[in-house]
Amino acid sequence: MSRRVLGEIEHQILLAILRRGSESYSMEIVLEMEERTGRDVSTSAVFIALKRLQAKGYLDDRMVAPSDGGGHARRYFRLTPQAVEALAESRQAYLNLWDGVESVLDQA
Amino acid sequence: MGDHDGNSRPPRLARRLLSFLTRREATSDILQSLDDLYRVRAQEHGTGRARLWYWRQALSFATTWSWVRSALPPGRGGIPDSVFQDVRFAARGIRKNPTFSIVVVLTAAFGITISTLVFSVINAAILRPLPHVRSPEELVMVFREAPSRTGQRANFSYADFELIRDQTTSLEDVVAVVRWVRFMMRSGSAMDRQVVGAEVSENYFQLLGVPMLLGRGIVPGDADSGDAVAVIGYARWQRDFDGSSNVLGQILRVDGREHTVVGVAPPGLNWLNGEPVEAALWVPIRDGLRGPGGGNALALAGRRAAGVTVAQVQAELDALAVGLASANREAWADQSGEQVRMRVMTDRQSRVDLGGPSTGAALMVYFVLVATVMLITCSNVANLLLNKAMKRRSEIAMRLALGAGRGRLVRQLLTEGMLLFLLAGSLGLFLIHWTTRLMSLGWAPQGIPADITVDGRVAAFAFAVAAFSGLVFGLAPALQSTRPNLVGALKGTGTPVRFRRLGTRNLFILGQVAGSMILVSISALLVRDVQMATRLDVGFDPENVTVLALNLGHGDYDRASGRQLIDDLTERLERRRGIEAVGVSTWVPLSDDRWTTRLVPQGDEPALGENPLALFNAVTPGYFDLVRIPVVLGRDFTLNDDDDAPGVAIVNRAFVDEFWPDQTPVGRTVILDGWEESVEVVGVVRNARYTSSDFLGDSVSSHIWLPRAQVEHHLTHVHVRGSGDQASIATSMREDLRTLDEDLPIVELAAMQTITDRALGEQRAAAVMFGGFGVAALFLAILGIYGVLAFAVMDRARELGIRMAVGGTRERLISMIVGQSLKVSASGILVGLALSALVARGMRSIMVGMDSLDPSSLGASVAILTLAAVVASLVPALRAASTDPVESLRSE
């Protein structure tokens, strides 16, 4: 069996982009992750993971010039079909691991 | 700008760091994204938290190997991969032990911050070129001095300035400055306050090429325009006007006269040759100094013409001086007849040259302070590093056993130490940056440059100190810990760390104790010196005397009306109940003021090169009685010694001893510099101490007094001796003055004791500073000794357990451990004592109250350090003694 199991932060990034709809700017990804997980996110780790995900072919990107003329261009990311597949596989892997042990959480 | 400001910017330094780390990334989106995230946070949580967050991100990038590697040039600049591995390993080790790392970094940062701060002061005062000035290397300072008295510089008159400006070709232009002018300034409805500034010629800002922050500088035509103008200094602008651009056109009342603010100078601009105080105010040279009676009050500077050297300027001015002297011998020779020459120096030369012998002593004191603080903190850090390394000796032994080179292990451990020191250096720079920002806003202590900045030189110094300390104090622990008993370490029985084999640790303890001994004993000496000095008889009685200081030049007073004002004020005060006496003088002894005069005592014409001087004051009849200086010969001044009467004088014993030993002084005459007629001595008073230098040694300055009615001077100090509450006497003085003049600014109104205490201000400040460091050093030394002993005891738990099990008593165990601490500390105390004695000898020139090798101060310091060693060892000793021997044997 060969399943693509994503690392924790990769999983979270892809999920964040998925939640937001079509494409997301890196700032939006970070804010979405923080809001959903309730924790601060290391931007250093996020940008490394974004590079890795692009290298694996899970993300496409495009540069968008600033609309108000201020600042630099911003990069927007979009999931590729391979990313959705990897997410599904990774999710299934976690569900399989959790299967039968959710009751422990109720006791904690 | 509010706290929740979405328009605020991220911290510049952190942004630069991120920019460096991400510069090789294909796109620049990372910085933009972080900026946007910063703005969101600033909006939601406030600017403070947003800045903190931004810094955390920057540090996270800086400590992540991917970003560091990608920022480096291709091929990593020729640095071997193994070095990067060591750095990564060290960074990982630092992150894994945050508490330990924080303690080490803070300890090292303490030492690095102190030493870098001292260096930054020296940098600002001496090394750094004049800030904001165009091509400062082209500027030269011009002084007058007699060849036999190089170092005693004299100023110029306005006529000299005009002549030199018009007749020199080697200088593009010449400016004149009256420095260290104390203005009484009032802005808006605020009260008058004294500020320090300069009076400058109209070409001053033009010649220096200073870019004004706001408005303009003083320009030709300002002095004669009728509307007085002023340029305000940066720190004063920030404090009094909140840095508002509305300051232009505002009216300031300076010395009683309205001035319009026309410009704001950039931060840190002082007047000339780097004297270490930012000027608060610049105004054109006043009329009184530009006329024939203006005296010699001007310092001169010029800009060398293109292609002209300093030597060529000197040669031209030498020739000019000869010509001036032959045309006007009196103006260009001192009273001994020696011709005065002009001396030319570059800005940097003149700054270094400024200091006298006390500067050398002060620099040495700073050096000692820096060296001992560094010694103590680095010894502490070295011990901490050694402790940590010793805890890893199993791991180290395993790696050695598996074939790892000792050199490589040493390098890894050393890298960790260096990295910690470099982090400490960065923290130190950060702390200094904030300290200097506070100082630039006007919070600098007196005498310290207000515009200290963290420039390239200061940063380089901080990192050099950090790197050097990291190398020296990181190497020993690295070497020590890679030399374990392999078998013992692998077995887990540990190295039996016998106390007498704690060689390296003992050395560190010695360093800490010696350093602490130096700081504690120097501070004890200084504190005792100040105590003794304050107990010395000053020769007059300032208690129950209140002084009102005025400058009649701040109002519209001429000689007659000024005298009338003071007479009326005196009369009013004398009528008040509780006032015993009222007297007036020009200046107060032991204050910041003093007035000296050159003179020729009868029968004692000076030889060529001699320059007899005496302190000079003008007082009213009854003044000596008021301040309790007895007249021991002749008489006091009377009301008959007025303007129409022959000139008279009173001198002190020291004057008689210097100029007329074994002769009757009463009836003899003195010619004062600038006076046409001689004055006759009518009385002699007992010696007193008038200046801070009168505290050194046994002799005091020669002093001559004239009746106030026969001398014109704007400076006026009204003294009141009263039996009542000093505060209400001060209120009465203010009320009576205001009845006579609503507007005349009060320069100062204070108890005479407060004013005279200033003479020992420097000594007190030094005592406080050293005292503070002494306490910190003692604390660090105690921690250091405790750390070593605690570790050694822990390591010997098994052995100590056996001792107790076979009959050893608690008391013997405790005395053994405490005794060992004392043995280790004793060497440090002895070394420290010897070094303290050397340092104290060098401090003789700034000690005023006693001999520098005071046995009781040094003895007290030895006792304190001994007690510290005992206290530090008690906790580990008591802990060892109360451990159950069975438990300690079982734990093995």
# chains A, B, ... in the order shown; residues from 1 in each chain; ligands from 1
$ interface_residues --of "chain A" --to "chain B" --cutoff "10 Å" --atoms "only C-alpha atoms" --output "list in words"
Tyr25, Ser26, Met27, Glu28, Val30, Leu31, Asp40, Val41, Ser42, Thr43, Ser44, Ala45, Phe47, Ile48, Met63, Gly71, His72, Ala73, Arg74, Arg75 and Tyr76 of chain A
$ write_last_selection --atoms "N, CA, C and O atoms" --output "CSV table (one decimal), in the first residue's frame"
chain,number,residue,atom,x,y,z
A,25,TYR,N,-4.3,33.8,-0.1
A,25,TYR,CA,-3.1,34.4,0.1
A,25,TYR,C,-2.5,33.9,1.4
A,25,TYR,O,-3.2,33.5,2.3
A,26,SER,N,-1.1,33.9,1.5
A,26,SER,CA,-0.5,33.2,2.6
A,26,SER,C,-0.9,33.8,4.0
A,26,SER,O,-1.1,33.1,5.0
A,27,MET,N,-1.1,35.1,4.0
A,27,MET,CA,-1.6,35.7,5.3
A,27,MET,C,-3.0,35.1,5.7
A,27,MET,O,-3.2,34.8,6.8
A,28,GLU,N,-3.8,34.9,4.7
A,28,GLU,CA,-5.2,34.4,4.9
A,28,GLU,C,-5.1,33.0,5.4
A,28,GLU,O,-5.8,32.5,6.3
A,30,VAL,N,-2.6,31.6,7.2
A,30,VAL,CA,-2.1,31.7,8.6
A,30,VAL,C,-3.3,32.0,9.5
A,30,VAL,O,-3.5,31.4,10.5
A,31,LEU,N,-4.0,33.0,9.1
A,31,LEU,CA,-5.1,33.5,10.0
A,31,LEU,C,-6.2,32.4,10.1
A,31,LEU,O,-6.7,32.2,11.2
A,40,ASP,N,-1.3,30.0,18.0
A,40,ASP,CA,-0.4,30.7,17.1
A,40,ASP,C,0.4,29.8,16.2
A,40,ASP,O,0.7,28.7,16.6
A,41,VAL,N,0.6,30.3,15.0
A,41,VAL,CA,1.3,29.4,14.0
A,41,VAL,C,2.6,30.0,13.7
A,41,VAL,O,2.7,31.3,13.6
A,42,SER,N,3.6,29.2,13.5
A,42,SER,CA,4.9,29.7,13.1
A,42,SER,C,5.0,30.0,11.6
A,42,SER,O,4.8,29.0,10.8
A,43,THR,N,5.1,31.2,11.3
A,43,THR,CA,5.1,31.6,9.8
A,43,THR,C,6.3,31.0,9.1
A,43,THR,O,6.2,30.7,7.9
A,44,SER,N,7.4,30.9,9.9
A,44,SER,CA,8.6,30.2,9.3
A,44,SER,C,8.3,28.8,8.8
A,44,SER,O,8.6,28.5,7.7
A,45,ALA,N,7.6,28.1,9.6
A,45,ALA,CA,7.2,26.7,9.3
A,45,ALA,C,6.2,26.7,8.2
A,45,ALA,O,6.3,25.8,7.3
A,47,PHE,N,5.8,28.9,5.7
A,47,PHE,CA,6.4,29.2,4.4
A,47,PHE,C,7.2,28.0,3.9
A,47,PHE,O,7.3,27.7,2.7
A,48,ILE,N,7.9,27.3,4.8
A,48,ILE,CA,8.7,26.1,4.4
A,48,ILE,C,7.7,25.1,3.8
A,48,ILE,O,8.0,24.4,2.8
A,63,MET,N,0.8,35.3,-8.9
A,63,MET,CA,1.1,36.6,-8.2
A,63,MET,C,0.1,37.6,-8.6
A,63,MET,O,-0.3,37.7,-9.8
A,71,GLY,N,2.7,48.5,-1.5
A,71,GLY,CA,3.3,47.2,-1.1
A,71,GLY,C,3.7,46.4,-2.4
A,71,GLY,O,3.7,46.9,-3.5
A,72,HIS,N,4.1,45.1,-2.1
A,72,HIS,CA,4.6,44.2,-3.1
A,72,HIS,C,3.4,43.3,-3.6
A,72,HIS,O,2.4,43.3,-3.0
A,73,ALA,N,3.7,42.6,-4.7
A,73,ALA,CA,2.7,41.6,-5.2
A,73,ALA,C,2.5,40.5,-4.2
A,73,ALA,O,3.4,40.2,-3.4
A,74,ARG,N,1.3,40.0,-4.2
A,74,ARG,CA,1.0,38.9,-3.2
A,74,ARG,C,0.8,37.6,-4.0
A,74,ARG,O,0.2,37.6,-5.1
A,75,ARG,N,1.2,36.5,-3.3
A,75,ARG,CA,1.1,35.2,-4.0
A,75,ARG,C,-0.2,34.5,-3.4
A,75,ARG,O,-0.4,34.3,-2.2
A,76,TYR,N,-1.0,34.0,-4.4
A,76,TYR,CA,-2.2,33.3,-4.0
A,76,TYR,C,-2.0,31.8,-4.4
A,76,TYR,O,-1.6,31.5,-5.5
$ residues_around --residues "Arg186 (chain B)" --least-positions-apart "5" --cutoff "8 Å" --atoms "only C-alpha atoms" --output "list in words"
Met191, Asp192, Arg193, Leu252, Arg253 and Val254 of chain B
$ residues_around --residues "Ser115 (chain B)" --least-positions-apart "6" --cutoff "12 Å" --atoms "only C-alpha atoms" --output "PyMOL selection string"
chain B and resi 108-109+121-122+366-375+377+425+428-429+432+458-459+461-466+469
$ residues_around --residues "Val104 (chain B)" --least-positions-apart "2" --cutoff "12 Å" --atoms "only C-alpha atoms" --output "PyMOL selection string"
chain B and resi 94+97-102+106-111+377-388+416-425+427+470+474
$ closest_atom_pairs --of "region 717-776 of chain B" --to "region 854-871 of chain B" --cutoff "12 Å" --atoms "only C-alpha atoms" --output "tab-separated table"
residue	atom	partner	partner_atom	distance
B:Gly771	CA	B:Ser861	CA	11.9
B:Gly774	CA	B:Ser861	CA	10.2
B:Val775	CA	B:Ile864	CA	10.7
$ write_last_selection --atoms "all heavy atoms" --output "PDB file, in the first residue's frame"
ATOM      1  N   GLY B 771      28.969  51.381  43.991  1.00  0.00           N
ATOM      2  CA  GLY B 771      28.198  50.657  44.999  1.00  0.00           C
ATOM      3  C   GLY B 771      27.200  49.711  44.344  1.00  0.00           C
ATOM      4  O   GLY B 771      27.080  48.549  44.720  1.00  0.00           O
ATOM      5  N   GLY B 774      29.016  46.924  42.819  1.00  0.00           N
ATOM      6  CA  GLY B 774      29.546  46.077  43.882  1.00  0.00           C
ATOM      7  C   GLY B 774      28.500  45.086  44.373  1.00  0.00           C
ATOM      8  O   GLY B 774      28.786  43.900  44.550  1.00  0.00           O
ATOM      9  N   VAL B 775      27.287  45.594  44.566  1.00  0.00           N
ATOM     10  CA  VAL B 775      26.212  44.711  45.034  1.00  0.00           C
ATOM     11  C   VAL B 775      25.908  43.631  43.998  1.00  0.00           C
ATOM     12  O   VAL B 775      25.775  42.449  44.313  1.00  0.00           O
ATOM     13  CB  VAL B 775      24.937  45.542  45.332  1.00  0.00           C
ATOM     14  CG1 VAL B 775      23.735  44.655  45.505  1.00  0.00           C
ATOM     15  CG2 VAL B 775      25.153  46.406  46.556  1.00  0.00           C
TER      16      VAL B 775
END
$ residues_around --residues "Gly578 (chain B)" --least-positions-apart "2" --cutoff "12 Å" --atoms "only C-alpha atoms" --output "JSON, numbers by chain"
{"B": [544, 545, 573, 574, 575, 576, 580, 581, 582, 720, 721, 722, 723, 724, 725, 726, 728, 729, 732]}
$ select_by_dssp --residues "region 637-884 of chain B" --states "strand (DSSP E or B)" --output "PyMOL selection string"
chain B and resi 648-652+669-672+679-685+703-707+715-722+746-751
$ atom_distance --atom1 "CA of Asn203 (chain B)" --atom2 "CA of Gly295 (chain B)"
20.9 Å
$ atom_distance --atom1 "CA of Val344 (chain B)" --atom2 "CA of Trp180 (chain B)"
21.0 Å
$ residues_around --residues "Ile522 (chain B)" --least-positions-apart "5" --cutoff "8 Å" --atoms "only C-alpha atoms" --output "JSON, numbers by chain"
{"B": [770, 836, 840]}
$ closest_atom_pairs --of "region 705-804 of chain B" --to "region 529-539 of chain B" --cutoff "9 Å" --atoms "only C-alpha atoms" --output "tab-separated table"
residue	atom	partner	partner_atom	distance
B:Asp757	CA	B:Thr534	CA	8.2
B:Leu760	CA	B:Val530	CA	7.3
B:Gln763	CA	B:Val530	CA	6.5
B:Arg764	CA	B:Val530	CA	6.3
B:Ala767	CA	B:Val530	CA	7.7
$ write_last_selection --atoms "N, CA, C and O atoms" --output "mmCIF file, in the first residue's frame"
data_model
loop_
_atom_site.group_PDB
_atom_site.id
_atom_site.type_symbol
_atom_site.label_atom_id
_atom_site.label_comp_id
_atom_site.auth_asym_id
_atom_site.auth_seq_id
_atom_site.Cartn_x
_atom_site.Cartn_y
_atom_site.Cartn_z
ATOM 1 N N ASP B 757 26.880 71.349 48.350
ATOM 2 C CA ASP B 757 27.043 69.898 48.227
ATOM 3 C C ASP B 757 27.458 69.494 46.824
ATOM 4 O O ASP B 757 27.939 68.389 46.603
ATOM 5 N N LEU B 760 30.941 67.977 45.720
ATOM 6 C CA LEU B 760 31.303 66.557 45.830
ATOM 7 C C LEU B 760 30.398 65.692 44.956
ATOM 8 O O LEU B 760 30.330 64.482 45.129
ATOM 9 N N GLN B 763 32.133 62.754 43.051
ATOM 10 C CA GLN B 763 32.559 61.668 43.947
ATOM 11 C C GLN B 763 31.344 60.853 44.381
ATOM 12 O O GLN B 763 31.399 59.625 44.441
ATOM 13 N N ARG B 764 30.238 61.566 44.687
ATOM 14 C CA ARG B 764 29.036 60.842 45.125
ATOM 15 C C ARG B 764 28.528 59.939 44.012
ATOM 16 O O ARG B 764 28.141 58.801 44.246
ATOM 17 N N ALA B 767 30.618 56.937 43.722
ATOM 18 C CA ALA B 767 30.377 56.024 44.839
ATOM 19 C C ALA B 767 29.094 55.233 44.612
ATOM 20 O O ALA B 767 29.049 54.021 44.827
#
$ decode --residues "region 7-37 of chain B" --atoms "N, CA and C atoms" --output "PDB file, in the first residue's frame"
ATOM      1  N   ASN B   7      -1.959  51.184  10.765  1.00  0.00           N
ATOM      2  CA  ASN B   7      -0.976  51.815   9.886  1.00  0.00           C
ATOM      3  C   ASN B   7       0.430  51.800  10.466  1.00  0.00           C
ATOM      4  N   SER B   8       0.594  51.236  11.643  1.00  0.00           N
ATOM      5  CA  SER B   8       1.939  51.263  12.222  1.00  0.00           C
ATOM      6  C   SER B   8       2.822  50.286  11.460  1.00  0.00           C
ATOM      7  N   ARG B   9       4.153  50.485  11.617  1.00  0.00           N
ATOM      8  CA  ARG B   9       5.087  49.668  10.851  1.00  0.00           C
ATOM      9  C   ARG B   9       5.768  48.661  11.743  1.00  0.00           C
ATOM     10  N   PRO B  10       6.174  47.531  11.151  1.00  0.00           N
ATOM     11  CA  PRO B  10       6.878  46.548  11.973  1.00  0.00           C
ATOM     12  C   PRO B  10       8.250  47.062  12.372  1.00  0.00           C
ATOM     13  N   PRO B  11       8.846  46.470  13.420  1.00  0.00           N
ATOM     14  CA  PRO B  11      10.160  46.922  13.870  1.00  0.00           C
ATOM     15  C   PRO B  11      11.197  46.792  12.758  1.00  0.00           C
ATOM     16  N   ARG B  12      11.957  47.871  12.589  1.00  0.00           N
ATOM     17  CA  ARG B  12      12.871  47.955  11.448  1.00  0.00           C
ATOM     18  C   ARG B  12      13.941  46.884  11.476  1.00  0.00           C
ATOM     19  N   LEU B  13      14.531  46.675  12.632  1.00  0.00           N
ATOM     20  CA  LEU B  13      15.650  45.739  12.745  1.00  0.00           C
ATOM     21  C   LEU B  13      15.198  44.324  12.427  1.00  0.00           C
ATOM     22  N   ALA B  14      14.020  43.958  12.958  1.00  0.00           N
ATOM     23  CA  ALA B  14      13.494  42.615  12.694  1.00  0.00           C
ATOM     24  C   ALA B  14      13.181  42.456  11.212  1.00  0.00           C
ATOM     25  N   ARG B  15      12.677  43.500  10.621  1.00  0.00           N
ATOM     26  CA  ARG B  15      12.329  43.427   9.199  1.00  0.00           C
ATOM     27  C   ARG B  15      13.579  43.267   8.343  1.00  0.00           C
ATOM     28  N   ARG B  16      14.630  43.983   8.770  1.00  0.00           N
ATOM     29  CA  ARG B  16      15.890  43.849   8.014  1.00  0.00           C
ATOM     30  C   ARG B  16      16.424  42.435   8.100  1.00  0.00           C
ATOM     31  N   LEU B  17      16.292  41.849   9.288  1.00  0.00           N
ATOM     32  CA  LEU B  17      16.757  40.470   9.470  1.00  0.00           C
ATOM     33  C   LEU B  17      15.986  39.538   8.542  1.00  0.00           C
ATOM     34  N   LEU B  18      14.665  39.704   8.512  1.00  0.00           N
ATOM     35  CA  LEU B  18      13.840  38.859   7.644  1.00  0.00           C
ATOM     36  C   LEU B  18      14.163  39.103   6.182  1.00  0.00           C
ATOM     37  N   SER B  19      14.397  40.326   5.847  1.00  0.00           N
ATOM     38  CA  SER B  19      14.733  40.663   4.455  1.00  0.00           C
ATOM     39  C   SER B  19      16.019  39.954   4.043  1.00  0.00           C
ATOM     40  N   PHE B  20      16.998  39.939   4.951  1.00  0.00           N
ATOM     41  CA  PHE B  20      18.265  39.250   4.668  1.00  0.00           C
ATOM     42  C   PHE B  20      18.038  37.756   4.487  1.00  0.00           C
ATOM     43  N   LEU B  21      17.232  37.165   5.369  1.00  0.00           N
ATOM     44  CA  LEU B  21      17.057  35.715   5.335  1.00  0.00           C
ATOM     45  C   LEU B  21      16.247  35.248   4.143  1.00  0.00           C
ATOM     46  N   THR B  22      15.390  36.131   3.612  1.00  0.00           N
ATOM     47  CA  THR B  22      14.522  35.690   2.512  1.00  0.00           C
ATOM     48  C   THR B  22      14.913  36.303   1.183  1.00  0.00           C
ATOM     49  N   ARG B  23      16.089  36.936   1.138  1.00  0.00           N
ATOM     50  CA  ARG B  23      16.411  37.721  -0.043  1.00  0.00           C
ATOM     51  C   ARG B  23      16.651  36.874  -1.279  1.00  0.00           C
ATOM     52  N   ARG B  24      17.023  35.613  -1.067  1.00  0.00           N
ATOM     53  CA  ARG B  24      17.281  34.786  -2.247  1.00  0.00           C
ATOM     54  C   ARG B  24      16.041  34.025  -2.691  1.00  0.00           C
ATOM     55  N   GLU B  25      14.929  34.243  -1.997  1.00  0.00           N
ATOM     56  CA  GLU B  25      13.698  33.586  -2.425  1.00  0.00           C
ATOM     57  C   GLU B  25      13.251  34.184  -3.743  1.00  0.00           C
ATOM     58  N   ALA B  26      12.666  33.353  -4.592  1.00  0.00           N
ATOM     59  CA  ALA B  26      12.295  33.792  -5.931  1.00  0.00           C
ATOM     60  C   ALA B  26      11.305  34.949  -5.893  1.00  0.00           C
ATOM     61  N   THR B  27      10.452  34.954  -4.930  1.00  0.00           N
ATOM     62  CA  THR B  27       9.459  36.031  -4.855  1.00  0.00           C
ATOM     63  C   THR B  27       9.599  36.757  -3.524  1.00  0.00           C
ATOM     64  N   SER B  28       9.142  37.966  -3.454  1.00  0.00           N
ATOM     65  CA  SER B  28       9.275  38.732  -2.210  1.00  0.00           C
ATOM     66  C   SER B  28       7.984  38.749  -1.430  1.00  0.00           C
ATOM     67  N   ASP B  29       7.181  37.736  -1.593  1.00  0.00           N
ATOM     68  CA  ASP B  29       5.871  37.676  -0.974  1.00  0.00           C
ATOM     69  C   ASP B  29       5.937  37.492   0.528  1.00  0.00           C
ATOM     70  N   ILE B  30       7.007  36.863   1.009  1.00  0.00           N
ATOM     71  CA  ILE B  30       7.088  36.527   2.439  1.00  0.00           C
ATOM     72  C   ILE B  30       7.046  37.802   3.280  1.00  0.00           C
ATOM     73  N   LEU B  31       7.881  38.776   2.928  1.00  0.00           N
ATOM     74  CA  LEU B  31       7.906  40.034   3.691  1.00  0.00           C
ATOM     75  C   LEU B  31       6.547  40.723   3.649  1.00  0.00           C
ATOM     76  N   GLN B  32       5.944  40.741   2.468  1.00  0.00           N
ATOM     77  CA  GLN B  32       4.639  41.396   2.323  1.00  0.00           C
ATOM     78  C   GLN B  32       3.618  40.713   3.211  1.00  0.00           C
ATOM     79  N   SER B  33       3.639  39.393   3.193  1.00  0.00           N
ATOM     80  CA  SER B  33       2.688  38.637   4.003  1.00  0.00           C
ATOM     81  C   SER B  33       2.884  38.923   5.488  1.00  0.00           C
ATOM     82  N   LEU B  34       4.128  38.953   5.922  1.00  0.00           N
ATOM     83  CA  LEU B  34       4.392  39.221   7.339  1.00  0.00           C
ATOM     84  C   LEU B  34       3.996  40.643   7.703  1.00  0.00           C
ATOM     85  N   ASP B  35       4.233  41.571   6.785  1.00  0.00           N
ATOM     86  CA  ASP B  35       3.799  42.960   7.041  1.00  0.00           C
ATOM     87  C   ASP B  35       2.289  43.009   7.208  1.00  0.00           C
ATOM     88  N   ASP B  36       1.593  42.297   6.318  1.00  0.00           N
ATOM     89  CA  ASP B  36       0.127  42.305   6.403  1.00  0.00           C
ATOM     90  C   ASP B  36      -0.344  41.672   7.704  1.00  0.00           C
ATOM     91  N   LEU B  37       0.284  40.561   8.087  1.00  0.00           N
ATOM     92  CA  LEU B  37      -0.085  39.904   9.345  1.00  0.00           C
ATOM     93  C   LEU B  37       0.192  40.834  10.537  1.00  0.00           C
TER      94      LEU B  37
END
